[in-house]
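In what follows, a single structure is set out as structure tokens and then discussed.
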Amino acid sequence: MKYFPLIVNKERLLSPDYIPASLTEPAIPFNAPSGDERRLLEKSAAKAAMRLFTQAALEQIGLVGVSGYRSYERQKELYEDAMKRKSSAVAPPGASEHQTGLALDVSCPEVNLELEERFGHTKEGKWLARHAPLYGYIIRYPKNKENITGFPYEPWHIRYVGEALSLYLSLTGLTLEEYHELE
Ligand SMILES: [Zn+2]
């Protein structure tokens, strides 16, 4: 897959049978157990994640991968569970970027590997926000852009878009939706 700016959101859904062509497991620390699909990423995203995590480790930044690829079926289960709990924090099936294999949730021990906003205040979260764009990743759901992306601020969710676009988006502050002039 060379077309990285694949846009997935609550209005632009992936079909249930969309599976990335080249899922692979990057050699980075993961919280999920061996063999779990959450350890998979699309090949280019996996390579970039390895470079990002290697640099982090060199700078004593202890990032941990929590969740990469997620199948449509798994998203459907999570969504239905969330509906039973009357929670709106889970994207509907087809609306999660994790189905593309280009998104990775990252956390750190200081917040017990939770995916919470306070990750953004940790040394690791701040490092991630500054460095992800150098490796082709963006913080996909920035602060104060929920009306555009459809998602609240998620400092832990990074999305691979390729280096040229990640740098452009981080310098301009545009979201993927704004870049593509979508509402
Ligand atoms: Zn995520």
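Every chain in the structure tokens has a letter given in the order shown (A, B, ...), and although residue numbers restart at 1 in each chain, ligands are simply numbered from 1 in the order shown.
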message = Which residues are near region 80-90 of chain A? Cut-off 12 Å, only C-alpha atoms, ignore same chain within fewer than 5 positions. Put them as JSON, numbers by chain.
response = {"A": [10, 73, 74, 75, 95, 96, 97, 98, 115, 116, 150, 151, 152, 153, 154]}
Which chain A residues have any atom within 7 Å of an atom of ligand 1, and for each, what is the nearest pair of atoms with distance in Å to one decimal, counting only C-alpha atoms and all ligand atoms, rows sorted by chain and number, as a tab-separated table?
```
residue	atom	partner	partner_atom_place_in_ligand_line	distance
A:Ser67	CA	ligand 1	1 (Zn)	6.9
A:His98	CA	ligand 1	1 (Zn)	6.4
A:Ala103	CA	ligand 1	1 (Zn)	6.3
A:Leu104	CA	ligand 1	1 (Zn)	5.9
A:Asp105	CA	ligand 1	1 (Zn)	4.7
A:His157	CA	ligand 1	1 (Zn)	4.4
```
Those residues with N, CA, C and O atoms, as a tab-separated table (two decimals), in the first residue's frame please?
```tsv
chain	number	residue	atom	x	y	z
A	67	SER	N	-1.77	-0.93	21.24
A	67	SER	CA	-2.73	-1.47	20.29
A	67	SER	C	-2.46	-0.96	18.88
A	67	SER	O	-2.51	0.23	18.63
A	98	HIS	N	-7.61	1.87	13.41
A	98	HIS	CA	-6.81	0.69	13.73
A	98	HIS	C	-7.04	-0.43	12.71
A	98	HIS	O	-6.19	-1.28	12.52
A	103	ALA	N	-2.40	2.75	12.43
A	103	ALA	CA	-2.53	3.48	13.69
A	103	ALA	C	-1.99	2.64	14.84
A	103	ALA	O	-2.09	1.41	14.83
A	104	LEU	N	-1.40	3.33	15.80
A	104	LEU	CA	-0.81	2.65	16.96
A	104	LEU	C	-1.10	3.46	18.22
A	104	LEU	O	-0.86	4.67	18.25
A	105	ASP	N	-1.63	2.80	19.23
A	105	ASP	CA	-1.81	3.43	20.53
A	105	ASP	C	-0.56	3.16	21.36
A	105	ASP	O	-0.10	2.02	21.43
A	157	HIS	N	-2.70	8.17	20.46
A	157	HIS	CA	-3.01	7.54	19.17
A	157	HIS	C	-2.21	8.20	18.05
A	157	HIS	O	-2.46	9.35	17.69
```
message = When you look at region 27-31 of chain A with a cut-off of 6 Å (counting only C-alpha atoms), what residues show up, excluding the ones that are within fewer than 5 positions of it in the same chain? I need them as a VMD selection string.
response = chain A and resid 64 to 66
Could you turn the residues from that selection into a file that holds all heavy atoms, as a PDB file, in the first residue's frame?
```pdb
ATOM      1  N   VAL A  64       5.708   2.221  25.125  1.00  0.00           N
ATOM      2  CA  VAL A  64       5.203   0.855  24.981  1.00  0.00           C
ATOM      3  C   VAL A  64       4.021   0.869  24.007  1.00  0.00           C
ATOM      4  O   VAL A  64       3.117   1.698  24.136  1.00  0.00           O
ATOM      5  CB  VAL A  64       4.744   0.287  26.347  1.00  0.00           C
ATOM      6  CG1 VAL A  64       4.173  -1.117  26.194  1.00  0.00           C
ATOM      7  CG2 VAL A  64       5.888   0.292  27.352  1.00  0.00           C
ATOM      8  N   GLY A  65       4.054  -0.034  23.037  1.00  0.00           N
ATOM      9  CA  GLY A  65       2.933  -0.182  22.114  1.00  0.00           C
ATOM     10  C   GLY A  65       1.791  -0.906  22.818  1.00  0.00           C
ATOM     11  O   GLY A  65       2.010  -1.915  23.479  1.00  0.00           O
ATOM     12  N   VAL A  66       0.584  -0.354  22.698  1.00  0.00           N
ATOM     13  CA  VAL A  66      -0.570  -0.969  23.360  1.00  0.00           C
ATOM     14  C   VAL A  66      -1.480  -1.640  22.334  1.00  0.00           C
ATOM     15  O   VAL A  66      -1.898  -2.770  22.501  1.00  0.00           O
ATOM     16  CB  VAL A  66      -1.348   0.074  24.193  1.00  0.00           C
ATOM     17  CG1 VAL A  66      -2.635  -0.513  24.757  1.00  0.00           C
ATOM     18  CG2 VAL A  66      -0.463   0.613  25.317  1.00  0.00           C
TER      19      VAL A  66
END
```
Please provide as a PDB file with N, CA, C and O atoms, in the first residue's frame all residues within 9 Å of Ser166 (chain A), with the sequence filter that same-chain residues fewer than 6 positions apart are discarded (counting only C-alpha atoms).
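Below is the file around_1.pdb, written as the result:
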```
ATOM      1  N   ALA A 132       7.148  12.095  16.761  1.00  0.00           N
ATOM      2  CA  ALA A 132       6.393  11.231  15.846  1.00  0.00           C
ATOM      3  C   ALA A 132       6.431  11.752  14.398  1.00  0.00           C
ATOM      4  O   ALA A 132       6.654  10.961  13.470  1.00  0.00           O
ATOM      5  N   PRO A 133       6.256  13.077  14.180  1.00  0.00           N
ATOM      6  CA  PRO A 133       6.241  13.566  12.791  1.00  0.00           C
ATOM      7  C   PRO A 133       7.569  13.369  12.052  1.00  0.00           C
ATOM      8  O   PRO A 133       7.597  13.330  10.827  1.00  0.00           O
ATOM      9  N   LEU A 134       8.677  13.221  12.784  1.00  0.00           N
ATOM     10  CA  LEU A 134       9.971  12.995  12.132  1.00  0.00           C
ATOM     11  C   LEU A 134      10.049  11.589  11.541  1.00  0.00           C
ATOM     12  O   LEU A 134      10.917  11.285  10.733  1.00  0.00           O
ATOM     13  N   TYR A 135       9.135  10.725  11.972  1.00  0.00           N
ATOM     14  CA  TYR A 135       9.143   9.329  11.534  1.00  0.00           C
ATOM     15  C   TYR A 135       7.877   8.963  10.747  1.00  0.00           C
ATOM     16  O   TYR A 135       7.574   7.784  10.569  1.00  0.00           O
ATOM     17  N   GLY A 136       7.158   9.971  10.287  1.00  0.00           N
ATOM     18  CA  GLY A 136       6.001   9.689   9.436  1.00  0.00           C
ATOM     19  C   GLY A 136       4.687   9.539  10.163  1.00  0.00           C
ATOM     20  O   GLY A 136       3.663   9.231   9.560  1.00  0.00           O
ATOM     21  N   TYR A 137       4.704   9.764  11.478  1.00  0.00           N
ATOM     22  CA  TYR A 137       3.475   9.615  12.271  1.00  0.00           C
ATOM     23  C   TYR A 137       2.940  10.982  12.720  1.00  0.00           C
ATOM     24  O   TYR A 137       3.704  11.918  12.943  1.00  0.00           O
ATOM     25  N   ILE A 138       1.638  11.080  12.878  1.00  0.00           N
ATOM     26  CA  ILE A 138       1.012  12.284  13.448  1.00  0.00           C
ATOM     27  C   ILE A 138       0.187  11.903  14.677  1.00  0.00           C
ATOM     28  O   ILE A 138      -0.240  10.752  14.807  1.00  0.00           O
ATOM     29  N   TYR A 160       0.257   6.628  10.981  1.00  0.00           N
ATOM     30  CA  TYR A 160       1.291   6.742   9.949  1.00  0.00           C
ATOM     31  C   TYR A 160       0.704   7.352   8.681  1.00  0.00           C
ATOM     32  O   TYR A 160      -0.317   6.887   8.170  1.00  0.00           O
TER      33      TYR A 160
END
```
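Of note, CA of Gly68 (chain A) and CA of Arg38 (chain A) are spaced 4.7 Å apart.
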ask   = In chain A, what's strand (DSSP E) per DSSP? Answer as number ranges by chain?
value = A: 23-24, 41-42, 64-67, 103-107, 137-139, 157-160
request  = Mind checking which residues fall within 9 Å of Leu23 (chain A), counting only C-alpha atoms, ignoring those fewer than 2 positions away in the same chain, and posting them as a PyMOL selection string?
outcome  = chain A and resi 19-21+25+40-43+46+69+101
